[in-house]
Amino acid sequence: MMHPRLELLHQAPATTAARLAPPLLFVHGAFCGAWCWREYFMPWFARQGYDCWALSLEGHGGSEGRDYLAAIGVDDYVRNLDFALKQLPTAPVIVGHSMGGYVAQQYLSRHKLPGVALLASVPPGGLASSSLRLLTQAPALFLKLNMYQHGLYDPEFIELKDMLLSPDAPESAVELLISRCQQESQRALMDMTLVNLLANRPLARLPALVLGAAEDRLVGPEDVVATARRLDVAADILPHLGHMMMLDTRWESAAEWLANWLERQFPEDWDQALSA
């Protein structure tokens with residue numbers, strides 16, 4: 001069976017700063033696409049010397065599958081990730097956001113990679129806890145999110161900002177989300193809601209970073225801690241950031257936190273240590 005055509009954005013490292021480190025593969029969350037990384041993160045990390053790639057999962061961004069999006073499941077996204085990894089020159093560190101972090105966890109239950117960074121990731125238990133929290137704390141927001149998913153509502157500027165970004169986020173970030181966000185696969189959302197925790201496979205130990213955002217309305221601190229616990233690392237919660245931390249006002253604080261972690265995991269002589 002032929003694999004669908006996938007959008008895989010690439011930004012090569014600045015030649016004067018190229019690092020001896022694994023490439024970075026950015027994986028977006030629900031309702032999104034690879035475009036969310038192209039605004040700030042990919043150019044910034046390329047300037048730090050990293051070889052940067054960003055995948056649009058099937059049915060998202062410039063990838064095929066919009067016409068059958070509702071039928072695409074998390075397992076399909078995992079196959080997309082596996083296919084994209086095989087296009088890269090060497091095994092990367094995955095940087096997964098929200099749903100992309102959940103997809104990365106599923107992939108890592110069967111494969112090993114140099115490292116993973118999960119940003120505001122859907123936790124191992126799926127969306128049930130965050131859905132319940134949103135329903136009880138912000139029922140109107142929960143209702144409108146579900147109406148948007150079913151094509152019954154287009155969120156207003158202030159609502160989208162309140163849901164995904166910090167209060168002082170620039171108008172340009174909100175306008176980008178309004179113009180580029182899309183509906184998500186209903187099957188994938190159900191896959192992440194009806195999670196059988198007993199079926200969760202253990203993850204192999206690997207360098208891992210788990211970041212949360214203090215002003216995230218969708219993925220709460222307890223969700224971030226649950227993800228960190230699965231990877232046997234500490235959870236880090238960054239202040240003054242909303243769910244879409246790669247587009248928010250203080251996106252650079254998240255980028256710097258990730259870069260500092262990468263430098264600790266992959267120092268200049270890391271490849272020599274691997275071959276020793």
# chains A, B, ... in the order shown; residues from 1 in each chain; ligands from 1

call {"tool": "closest_atom_pairs", "arguments": {"of": "stretch 195-232 of chain A", "to": "stretch 112-130 of chain A", "cutoff": "7 Å", "atoms": "only C-alpha atoms", "output": "tab-separated table"}}
result
residue	atom	partner	partner_atom	distance
A:Val195	CA	A:Gly126	CA	6.0
A:Leu197	CA	A:Gly125	CA	6.1
A:Ala204	CA	A:Lys112	CA	6.9
A:Leu206	CA	A:Gly115	CA	5.8
A:Pro207	CA	A:Gly115	CA	4.7
A:Ala208	CA	A:Val116	CA	4.9
A:Leu209	CA	A:Ala117	CA	4.5
A:Val210	CA	A:Leu118	CA	4.9
A:Leu211	CA	A:Leu119	CA	4.8
A:Gly212	CA	A:Ala120	CA	4.8
A:Ala213	CA	A:Ala120	CA	6.6
A:Leu218	CA	A:Ser130	CA	6.0
A:Val219	CA	A:Ala120	CA	6.0
A:Gly220	CA	A:Ser130	CA	6.9
A:Asp223	CA	A:Pro123	CA	5.4
A:Val224	CA	A:Pro123	CA	6.6
A:Ala226	CA	A:Pro123	CA	6.1
A:Thr227	CA	A:Pro123	CA	4.9

call {"tool": "write_last_selection", "arguments": {"atoms": "all heavy atoms", "output": "CSV table (one decimal), in the first residue's frame"}}
result
chain,number,residue,atom,x,y,z
A,195,VAL,N,-8.9,5.8,26.0
A,195,VAL,CA,-7.6,5.2,26.2
A,195,VAL,C,-7.6,4.1,27.2
A,195,VAL,O,-8.1,4.3,28.4
A,195,VAL,CB,-6.5,6.2,26.6
A,195,VAL,CG1,-5.1,5.5,26.8
A,195,VAL,CG2,-6.3,7.3,25.5
A,197,LEU,N,-5.6,2.4,29.7
A,197,LEU,CA,-4.3,2.6,30.3
A,197,LEU,C,-3.6,1.3,30.5
A,197,LEU,O,-2.3,1.3,30.5
A,197,LEU,CB,-4.5,3.3,31.7
A,197,LEU,CG,-4.8,4.8,31.6
A,197,LEU,CD1,-5.1,5.3,33.0
A,197,LEU,CD2,-3.7,5.6,31.0
A,204,ALA,N,11.0,2.8,26.5
A,204,ALA,CA,12.5,2.6,26.8
A,204,ALA,C,13.0,3.9,27.3
A,204,ALA,O,12.6,5.0,27.0
A,204,ALA,CB,13.2,2.2,25.5
A,206,LEU,N,15.2,6.9,27.7
A,206,LEU,CA,15.9,7.8,26.7
A,206,LEU,C,15.9,9.2,27.2
A,206,LEU,O,15.1,9.6,28.1
A,206,LEU,CB,15.3,7.7,25.3
A,206,LEU,CG,14.0,8.6,25.1
A,206,LEU,CD1,13.7,8.6,23.6
A,206,LEU,CD2,12.8,8.1,25.8
A,207,PRO,N,16.9,10.0,26.7
A,207,PRO,CA,16.8,11.4,27.1
A,207,PRO,C,15.5,12.1,26.8
A,207,PRO,O,15.0,12.0,25.6
A,207,PRO,CB,18.0,12.1,26.3
A,207,PRO,CG,18.9,10.9,25.9
A,207,PRO,CD,18.0,9.7,25.8
A,208,ALA,N,14.9,12.7,27.7
A,208,ALA,CA,13.5,13.2,27.5
A,208,ALA,C,13.3,14.5,28.3
A,208,ALA,O,13.8,14.7,29.4
A,208,ALA,CB,12.5,12.2,28.0
A,209,LEU,N,12.6,15.4,27.7
A,209,LEU,CA,12.2,16.7,28.2
A,209,LEU,C,10.7,16.8,28.2
A,209,LEU,O,10.1,16.6,27.1
A,209,LEU,CB,12.9,17.9,27.5
A,209,LEU,CG,12.5,19.3,27.9
A,209,LEU,CD1,13.0,19.6,29.3
A,209,LEU,CD2,12.9,20.3,26.9
A,210,VAL,N,10.1,17.2,29.3
A,210,VAL,CA,8.7,17.4,29.3
A,210,VAL,C,8.3,18.8,29.8
A,210,VAL,O,8.6,19.1,31.0
A,210,VAL,CB,8.0,16.3,30.2
A,210,VAL,CG1,6.5,16.5,30.3
A,210,VAL,CG2,8.3,14.9,29.7
A,211,LEU,N,7.8,19.6,28.9
A,211,LEU,CA,7.5,21.0,29.2
A,211,LEU,C,6.0,21.2,29.2
A,211,LEU,O,5.3,20.7,28.4
A,211,LEU,CB,8.1,21.9,28.2
A,211,LEU,CG,9.6,22.2,28.2
A,211,LEU,CD1,9.9,23.2,27.1
A,211,LEU,CD2,10.0,22.8,29.6
A,212,GLY,N,5.5,22.0,30.2
A,212,GLY,CA,4.2,22.5,30.2
A,212,GLY,C,4.1,24.0,30.2
A,212,GLY,O,5.2,24.6,30.4
A,213,ALA,N,3.0,24.6,30.0
A,213,ALA,CA,2.8,26.0,30.0
A,213,ALA,C,1.8,26.4,31.1
A,213,ALA,O,0.7,25.8,31.2
A,213,ALA,CB,2.3,26.4,28.7
A,218,LEU,N,-5.8,23.8,28.1
A,218,LEU,CA,-6.1,22.5,27.6
A,218,LEU,C,-5.3,21.4,28.2
A,218,LEU,O,-5.9,20.3,28.5
A,218,LEU,CB,-5.9,22.5,26.0
A,218,LEU,CG,-6.6,23.5,25.2
A,218,LEU,CD1,-6.3,23.4,23.8
A,218,LEU,CD2,-8.1,23.4,25.4
A,219,VAL,N,-4.0,21.6,28.5
A,219,VAL,CA,-3.2,20.6,29.1
A,219,VAL,C,-2.7,21.1,30.4
A,219,VAL,O,-1.8,22.0,30.5
A,219,VAL,CB,-2.0,20.2,28.2
A,219,VAL,CG1,-1.1,19.2,28.9
A,219,VAL,CG2,-2.5,19.6,26.9
A,220,GLY,N,-3.3,20.6,31.5
A,220,GLY,CA,-3.0,21.1,32.8
A,220,GLY,C,-1.7,20.6,33.4
A,220,GLY,O,-1.1,19.6,32.9
A,223,ASP,N,-1.5,16.9,33.9
A,223,ASP,CA,-1.2,16.1,32.7
A,223,ASP,C,0.2,16.1,32.3
A,223,ASP,O,0.8,15.1,31.9
A,223,ASP,CB,-2.0,16.8,31.5
A,223,ASP,CG,-3.5,16.7,31.7
A,223,ASP,OD1,-4.0,15.7,32.3
A,223,ASP,OD2,-4.2,17.7,31.3
A,224,VAL,N,0.9,17.2,32.5
A,224,VAL,CA,2.3,17.3,32.2
A,224,VAL,C,3.1,16.4,33.2
A,224,VAL,O,4.0,15.7,32.8
A,224,VAL,CB,2.8,18.8,32.4
A,224,VAL,CG1,4.3,18.9,32.1
A,224,VAL,CG2,2.0,19.7,31.5
A,226,ALA,N,2.0,13.7,34.6
A,226,ALA,CA,1.7,12.3,34.2
A,226,ALA,C,2.6,11.9,33.0
A,226,ALA,O,3.1,10.7,33.0
A,226,ALA,CB,0.2,12.1,33.8
A,227,THR,N,2.8,12.8,32.1
A,227,THR,CA,3.7,12.5,31.0
A,227,THR,C,5.1,12.3,31.4
A,227,THR,O,5.8,11.4,31.0
A,227,THR,CB,3.6,13.6,29.9
A,227,THR,OG1,2.2,13.7,29.4
A,227,THR,CG2,4.5,13.3,28.7

call {"tool": "select_by_dssp", "arguments": {"residues": "stretch 20-121 of chain A", "states": "alpha helix (DSSP H)", "output": "ChimeraX atom specification"}}
result
/A:35-38,41-47,74-85,99-108

call {"tool": "write_last_selection", "arguments": {"atoms": "N, CA and C atoms", "output": "compact mmCIF listing (two decimals), in the first residue's frame"}}
result
# COMPACT_ATOMS: atom_id res chain seq x y z
N TRP A 35 3.23 24.20 9.71
CA TRP A 35 3.39 25.65 9.62
C TRP A 35 3.63 26.31 10.97
N CYS A 36 3.11 25.72 12.06
CA CYS A 36 3.23 26.37 13.38
C CYS A 36 4.69 26.45 13.85
N TRP A 37 5.54 25.58 13.33
CA TRP A 37 6.96 25.59 13.71
C TRP A 37 7.79 26.52 12.84
N ARG A 38 7.27 26.86 11.68
CA ARG A 38 8.05 27.62 10.70
C ARG A 38 8.17 29.09 11.09
N PHE A 41 10.29 28.71 15.67
CA PHE A 41 11.17 27.65 16.18
C PHE A 41 12.17 27.16 15.14
N MET A 42 11.73 26.87 13.92
CA MET A 42 12.67 26.34 12.93
C MET A 42 13.78 27.34 12.59
N PRO A 43 13.47 28.60 12.29
CA PRO A 43 14.56 29.55 12.02
C PRO A 43 15.48 29.75 13.22
N TRP A 44 14.89 29.78 14.42
CA TRP A 44 15.69 30.01 15.63
C TRP A 44 16.66 28.85 15.86
N PHE A 45 16.16 27.62 15.77
CA PHE A 45 17.03 26.46 16.02
C PHE A 45 18.03 26.26 14.89
N ALA A 46 17.66 26.63 13.67
CA ALA A 46 18.63 26.57 12.57
C ALA A 46 19.78 27.53 12.84
N ARG A 47 19.47 28.69 13.40
CA ARG A 47 20.54 29.64 13.75
C ARG A 47 21.43 29.11 14.87
N VAL A 74 -4.94 7.59 15.34
CA VAL A 74 -3.61 7.80 15.92
C VAL A 74 -2.60 6.81 15.35
N ASP A 75 -3.01 5.58 15.11
CA ASP A 75 -2.09 4.60 14.52
C ASP A 75 -1.60 5.06 13.15
N ASP A 76 -2.47 5.73 12.39
CA ASP A 76 -2.06 6.28 11.09
C ASP A 76 -1.02 7.38 11.29
N TYR A 77 -1.22 8.22 12.30
CA TYR A 77 -0.25 9.27 12.59
C TYR A 77 1.10 8.68 13.00
N VAL A 78 1.05 7.58 13.73
CA VAL A 78 2.31 6.91 14.12
C VAL A 78 3.01 6.38 12.87
N ARG A 79 2.25 5.84 11.93
CA ARG A 79 2.85 5.38 10.68
C ARG A 79 3.41 6.57 9.88
N ASN A 80 2.72 7.70 9.91
CA ASN A 80 3.24 8.92 9.27
C ASN A 80 4.59 9.29 9.86
N LEU A 81 4.67 9.26 11.19
CA LEU A 81 5.92 9.62 11.87
C LEU A 81 7.03 8.65 11.49
N ASP A 82 6.72 7.37 11.46
CA ASP A 82 7.72 6.37 11.09
C ASP A 82 8.21 6.61 9.65
N PHE A 83 7.28 6.92 8.75
CA PHE A 83 7.65 7.19 7.35
C PHE A 83 8.54 8.42 7.26
N ALA A 84 8.20 9.48 7.98
CA ALA A 84 8.98 10.72 7.94
C ALA A 84 10.39 10.50 8.50
N LEU A 85 10.49 9.72 9.56
CA LEU A 85 11.80 9.46 10.16
C LEU A 85 12.74 8.79 9.17
N MET A 99 -1.06 16.85 20.64
CA MET A 99 -1.31 15.55 20.03
C MET A 99 -0.04 14.95 19.45
N GLY A 100 0.84 15.79 18.90
CA GLY A 100 2.10 15.29 18.37
C GLY A 100 2.95 14.63 19.43
N GLY A 101 2.85 15.12 20.68
CA GLY A 101 3.55 14.47 21.78
C GLY A 101 2.97 13.11 22.10
N TYR A 102 1.66 12.98 21.99
CA TYR A 102 1.01 11.69 22.22
C TYR A 102 1.42 10.70 21.14
N VAL A 103 1.44 11.16 19.89
CA VAL A 103 1.88 10.31 18.77
C VAL A 103 3.32 9.86 18.99
N ALA A 104 4.17 10.77 19.45
CA ALA A 104 5.57 10.42 19.71
C ALA A 104 5.67 9.34 20.79
N GLN A 105 4.82 9.45 21.82
CA GLN A 105 4.84 8.43 22.88
C GLN A 105 4.46 7.06 22.33
N GLN A 106 3.45 7.03 21.45
CA GLN A 106 3.04 5.75 20.87
C GLN A 106 4.17 5.16 20.03
N TYR A 107 4.86 6.02 19.28
CA TYR A 107 5.98 5.55 18.47
C TYR A 107 7.09 4.99 19.37
N LEU A 108 7.38 5.69 20.46
CA LEU A 108 8.48 5.29 21.34
C LEU A 108 8.16 4.05 22.16

call {"tool": "closest_residue", "arguments": {"among": "A:Asp51, A:Asp232, A:Asp216, A:Asp67", "to": "A:Pro167", "atoms": "only C-alpha atoms"}}
result
A:Asp216

call {"tool": "residues_around", "arguments": {"residues": "A:Arg217", "least_positions_apart": "4", "cutoff": "9 Å", "atoms": "only C-alpha atoms", "output": "list in words"}}
result
Ser130, Leu134, Ala138, Asp162, Met163, Leu164, Leu165, Gly242 and His243 of chain A

call {"tool": "write_last_selection", "arguments": {"atoms": "C-alpha atoms", "output": "PDB file, in the first residue's frame"}}
result
ATOM      1  CA  SER A 130      -8.361  17.642  30.236  1.00  0.00           C
ATOM      2  CA  LEU A 134     -12.435  22.129  30.624  1.00  0.00           C
ATOM      3  CA  ALA A 138     -14.948  26.581  31.271  1.00  0.00           C
ATOM      4  CA  ASP A 162      -8.024  32.855  25.511  1.00  0.00           C
ATOM      5  CA  MET A 163      -7.978  29.170  24.603  1.00  0.00           C
ATOM      6  CA  LEU A 164      -4.518  28.857  23.091  1.00  0.00           C
ATOM      7  CA  LEU A 165      -2.313  31.834  24.005  1.00  0.00           C
ATOM      8  CA  GLY A 242      -0.322  29.371  26.699  1.00  0.00           C
ATOM      9  CA  HIS A 243      -0.891  26.058  24.954  1.00  0.00           C
TER      10      HIS A 243
END

call {"tool": "closest_atom_pairs", "arguments": {"of": "stretch 166-276 of chain A", "to": "stretch 58-66 of chain A", "cutoff": "10 Å", "atoms": "only C-alpha atoms", "output": "tab-separated table"}}
result
residue	atom	partner	partner_atom	distance
A:Arg180	CA	A:Gly61	CA	8.3
A:Cys181	CA	A:Gly61	CA	9.0
A:Gln182	CA	A:His60	CA	7.8
A:Gln183	CA	A:His60	CA	9.0
A:Glu184	CA	A:His60	CA	8.4
A:Ser185	CA	A:Gly59	CA	8.2

call {"tool": "atom_distance", "arguments": {"atom1": "atom CA of A:Ala173", "atom2": "atom CA of A:Leu143"}}
result
23.2 Å

call {"tool": "closest_residue", "arguments": {"among": "A:Val93, A:Met2, A:Leu189, A:Gln87", "to": "A:Pro23", "atoms": "only C-alpha atoms"}}
result
A:Val93

call {"tool": "closest_residue", "arguments": {"among": "A:Asp168, A:Phe31, A:Ala91, A:Asp236", "to": "A:Leu69", "atoms": "only C-alpha atoms"}}
result
A:Phe31

call {"tool": "select_by_dssp", "arguments": {"residues": "stretch 41-252 of chain A", "states": "strand (DSSP E)", "output": "list in words"}}
result
Cys52, Trp53, Ala54, Leu55, Ser56, Val93, Ile94, Val95, Gly96, His97, Gly115, Val116, Ala117, Leu118, Leu119, Ala208, Leu209, Val210, Leu211, Gly212, Ala213, Ala235, Asp236, Ile237 and Leu238 of chain A

call {"tool": "write_last_selection", "arguments": {"atoms": "C-alpha atoms", "output": "PDB file, in the first residue's frame"}}
result
ATOM      1  CA  CYS A  52      15.359  21.261  11.468  1.00  0.00           C
ATOM      2  CA  TRP A  53      12.455  19.318  10.006  1.00  0.00           C
ATOM      3  CA  ALA A  54       8.705  19.644  10.584  1.00  0.00           C
ATOM      4  CA  LEU A  55       6.067  17.084   9.629  1.00  0.00           C
ATOM      5  CA  SER A  56       2.445  17.719   8.710  1.00  0.00           C
ATOM      6  CA  VAL A  93      15.211  14.105  18.452  1.00  0.00           C
ATOM      7  CA  ILE A  94      11.431  14.395  18.161  1.00  0.00           C
ATOM      8  CA  VAL A  95       9.872  17.608  19.441  1.00  0.00           C
ATOM      9  CA  GLY A  96       6.171  16.829  19.790  1.00  0.00           C
ATOM     10  CA  HIS A  97       3.477  19.327  20.762  1.00  0.00           C
ATOM     11  CA  GLY A 115      15.786  11.734  22.518  1.00  0.00           C
ATOM     12  CA  VAL A 116      12.340  13.297  22.758  1.00  0.00           C
ATOM     13  CA  ALA A 117      10.970  16.653  23.906  1.00  0.00           C
ATOM     14  CA  LEU A 118       7.253  16.837  24.671  1.00  0.00           C
ATOM     15  CA  LEU A 119       5.657  20.288  24.796  1.00  0.00           C
ATOM     16  CA  ALA A 208      13.509  13.213  27.543  1.00  0.00           C
ATOM     17  CA  LEU A 209      12.247  16.724  28.244  1.00  0.00           C
ATOM     18  CA  VAL A 210       8.651  17.357  29.320  1.00  0.00           C
ATOM     19  CA  LEU A 211       7.480  20.971  29.231  1.00  0.00           C
ATOM     20  CA  GLY A 212       4.167  22.467  30.223  1.00  0.00           C
ATOM     21  CA  ALA A 213       2.783  26.000  30.027  1.00  0.00           C
ATOM     22  CA  ALA A 235       8.129  18.045  34.622  1.00  0.00           C
ATOM     23  CA  ASP A 236       8.988  21.666  33.867  1.00  0.00           C
ATOM     24  CA  ILE A 237       6.194  24.280  33.752  1.00  0.00           C
ATOM     25  CA  LEU A 238       7.104  27.542  32.024  1.00  0.00           C
TER      26      LEU A 238
END

call {"tool": "residues_around", "arguments": {"residues": "A:Thr15", "least_positions_apart": "3", "cutoff": "12 Å", "atoms": "only C-alpha atoms", "output": "list in words"}}
result
Gln11, Ala12, Ala18, Arg19, Leu20, Ala46, Arg47, Gln48, Gly49, Tyr50 and Asp51 of chain A

call {"tool": "atom_distance", "arguments": {"atom1": "atom CA of A:Asp191", "atom2": "atom CA of A:Pro221"}}
result
21.9 Å

call {"tool": "closest_residue", "arguments": {"among": "A:Val27, A:Leu231, A:Cys32, A:Met190", "to": "A:Ile178", "atoms": "only C-alpha atoms"}}
result
A:Cys32

call {"tool": "closest_residue", "arguments": {"among": "A:Ser166, A:Ser172, A:Thr193, A:Asn260", "to": "A:Met245", "atoms": "only C-alpha atoms"}}
result
A:Ser166

call {"tool": "closest_residue", "arguments": {"among": "A:Arg230, A:Pro170, A:Glu256, A:Asp248", "to": "A:Leu203", "atoms": "only C-alpha atoms"}}
result
A:Arg230

call {"tool": "atom_distance", "arguments": {"atom1": "atom CA of A:Ala21", "atom2": "atom CA of A:Arg205"}}
result
19.1 Å

call {"tool": "decode", "arguments": {"residues": "stretch 156-176 of chain A", "atoms": "N, CA and C atoms", "output": "mmCIF file, in the first residue's frame"}}
result
data_model
loop_
_atom_site.group_PDB
_atom_site.id
_atom_site.type_symbol
_atom_site.label_atom_id
_atom_site.label_comp_id
_atom_site.auth_asym_id
_atom_site.auth_seq_id
_atom_site.Cartn_x
_atom_site.Cartn_y
_atom_site.Cartn_z
ATOM 1 N N GLU A 156 -14.193 33.233 17.742
ATOM 2 C CA GLU A 156 -13.866 34.638 17.596
ATOM 3 C C GLU A 156 -12.439 34.886 18.070
ATOM 4 N N PHE A 157 -11.908 36.033 17.681
ATOM 5 C CA PHE A 157 -10.523 36.403 17.972
ATOM 6 C C PHE A 157 -10.189 36.221 19.453
ATOM 7 N N ILE A 158 -10.993 36.823 20.318
ATOM 8 C CA ILE A 158 -10.681 36.807 21.747
ATOM 9 C C ILE A 158 -10.814 35.403 22.332
ATOM 10 N N GLU A 159 -11.745 34.597 21.802
ATOM 11 C CA GLU A 159 -11.928 33.235 22.304
ATOM 12 C C GLU A 159 -10.739 32.352 21.952
ATOM 13 N N LEU A 160 -10.260 32.476 20.736
ATOM 14 C CA LEU A 160 -9.116 31.676 20.314
ATOM 15 C C LEU A 160 -7.872 32.069 21.110
ATOM 16 N N LYS A 161 -7.711 33.355 21.328
ATOM 17 C CA LYS A 161 -6.585 33.841 22.127
ATOM 18 C C LYS A 161 -6.666 33.297 23.546
ATOM 19 N N ASP A 162 -7.838 33.328 24.144
ATOM 20 C CA ASP A 162 -8.024 32.855 25.511
ATOM 21 C C ASP A 162 -7.776 31.360 25.617
ATOM 22 N N MET A 163 -8.123 30.616 24.578
ATOM 23 C CA MET A 163 -7.978 29.170 24.603
ATOM 24 C C MET A 163 -6.533 28.717 24.412
ATOM 25 N N LEU A 164 -5.793 29.405 23.546
ATOM 26 C CA LEU A 164 -4.518 28.857 23.091
ATOM 27 C C LEU A 164 -3.280 29.680 23.434
ATOM 28 N N LEU A 165 -3.457 30.947 23.824
ATOM 29 C CA LEU A 165 -2.313 31.834 24.005
ATOM 30 C C LEU A 165 -2.412 32.589 25.324
ATOM 31 N N SER A 166 -1.338 33.292 25.677
ATOM 32 C CA SER A 166 -1.337 34.104 26.885
ATOM 33 C C SER A 166 -2.069 35.418 26.621
ATOM 34 N N PRO A 167 -2.475 36.126 27.679
ATOM 35 C CA PRO A 167 -3.268 37.351 27.494
ATOM 36 C C PRO A 167 -2.595 38.429 26.656
ATOM 37 N N ASP A 168 -1.256 38.482 26.685
ATOM 38 C CA ASP A 168 -0.572 39.540 25.926
ATOM 39 C C ASP A 168 -0.006 39.046 24.597
ATOM 40 N N ALA A 169 -0.546 37.945 24.094
ATOM 41 C CA ALA A 169 -0.078 37.412 22.805
ATOM 42 C C ALA A 169 -0.322 38.434 21.695
ATOM 43 N N PRO A 170 0.573 38.504 20.724
ATOM 44 C CA PRO A 170 0.393 39.474 19.634
ATOM 45 C C PRO A 170 -0.788 39.114 18.744
ATOM 46 N N GLU A 171 -1.407 40.134 18.187
ATOM 47 C CA GLU A 171 -2.538 39.900 17.288
ATOM 48 C C GLU A 171 -2.138 39.020 16.108
ATOM 49 N N SER A 172 -0.890 39.162 15.656
ATOM 50 C CA SER A 172 -0.431 38.383 14.503
ATOM 51 C C SER A 172 -0.506 36.885 14.773
ATOM 52 N N ALA A 173 -0.218 36.474 16.028
ATOM 53 C CA ALA A 173 -0.269 35.051 16.363
ATOM 54 C C ALA A 173 -1.706 34.542 16.299
ATOM 55 N N VAL A 174 -2.643 35.333 16.820
ATOM 56 C CA VAL A 174 -4.050 34.928 16.795
ATOM 57 C C VAL A 174 -4.562 34.876 15.356
ATOM 58 N N GLU A 175 -4.186 35.869 14.557
ATOM 59 C CA GLU A 175 -4.631 35.900 13.159
ATOM 60 C C GLU A 175 -4.069 34.719 12.383
ATOM 61 N N LEU A 176 -2.829 34.314 12.696
ATOM 62 C CA LEU A 176 -2.249 33.146 12.040
ATOM 63 C C LEU A 176 -3.055 31.901 12.380
#
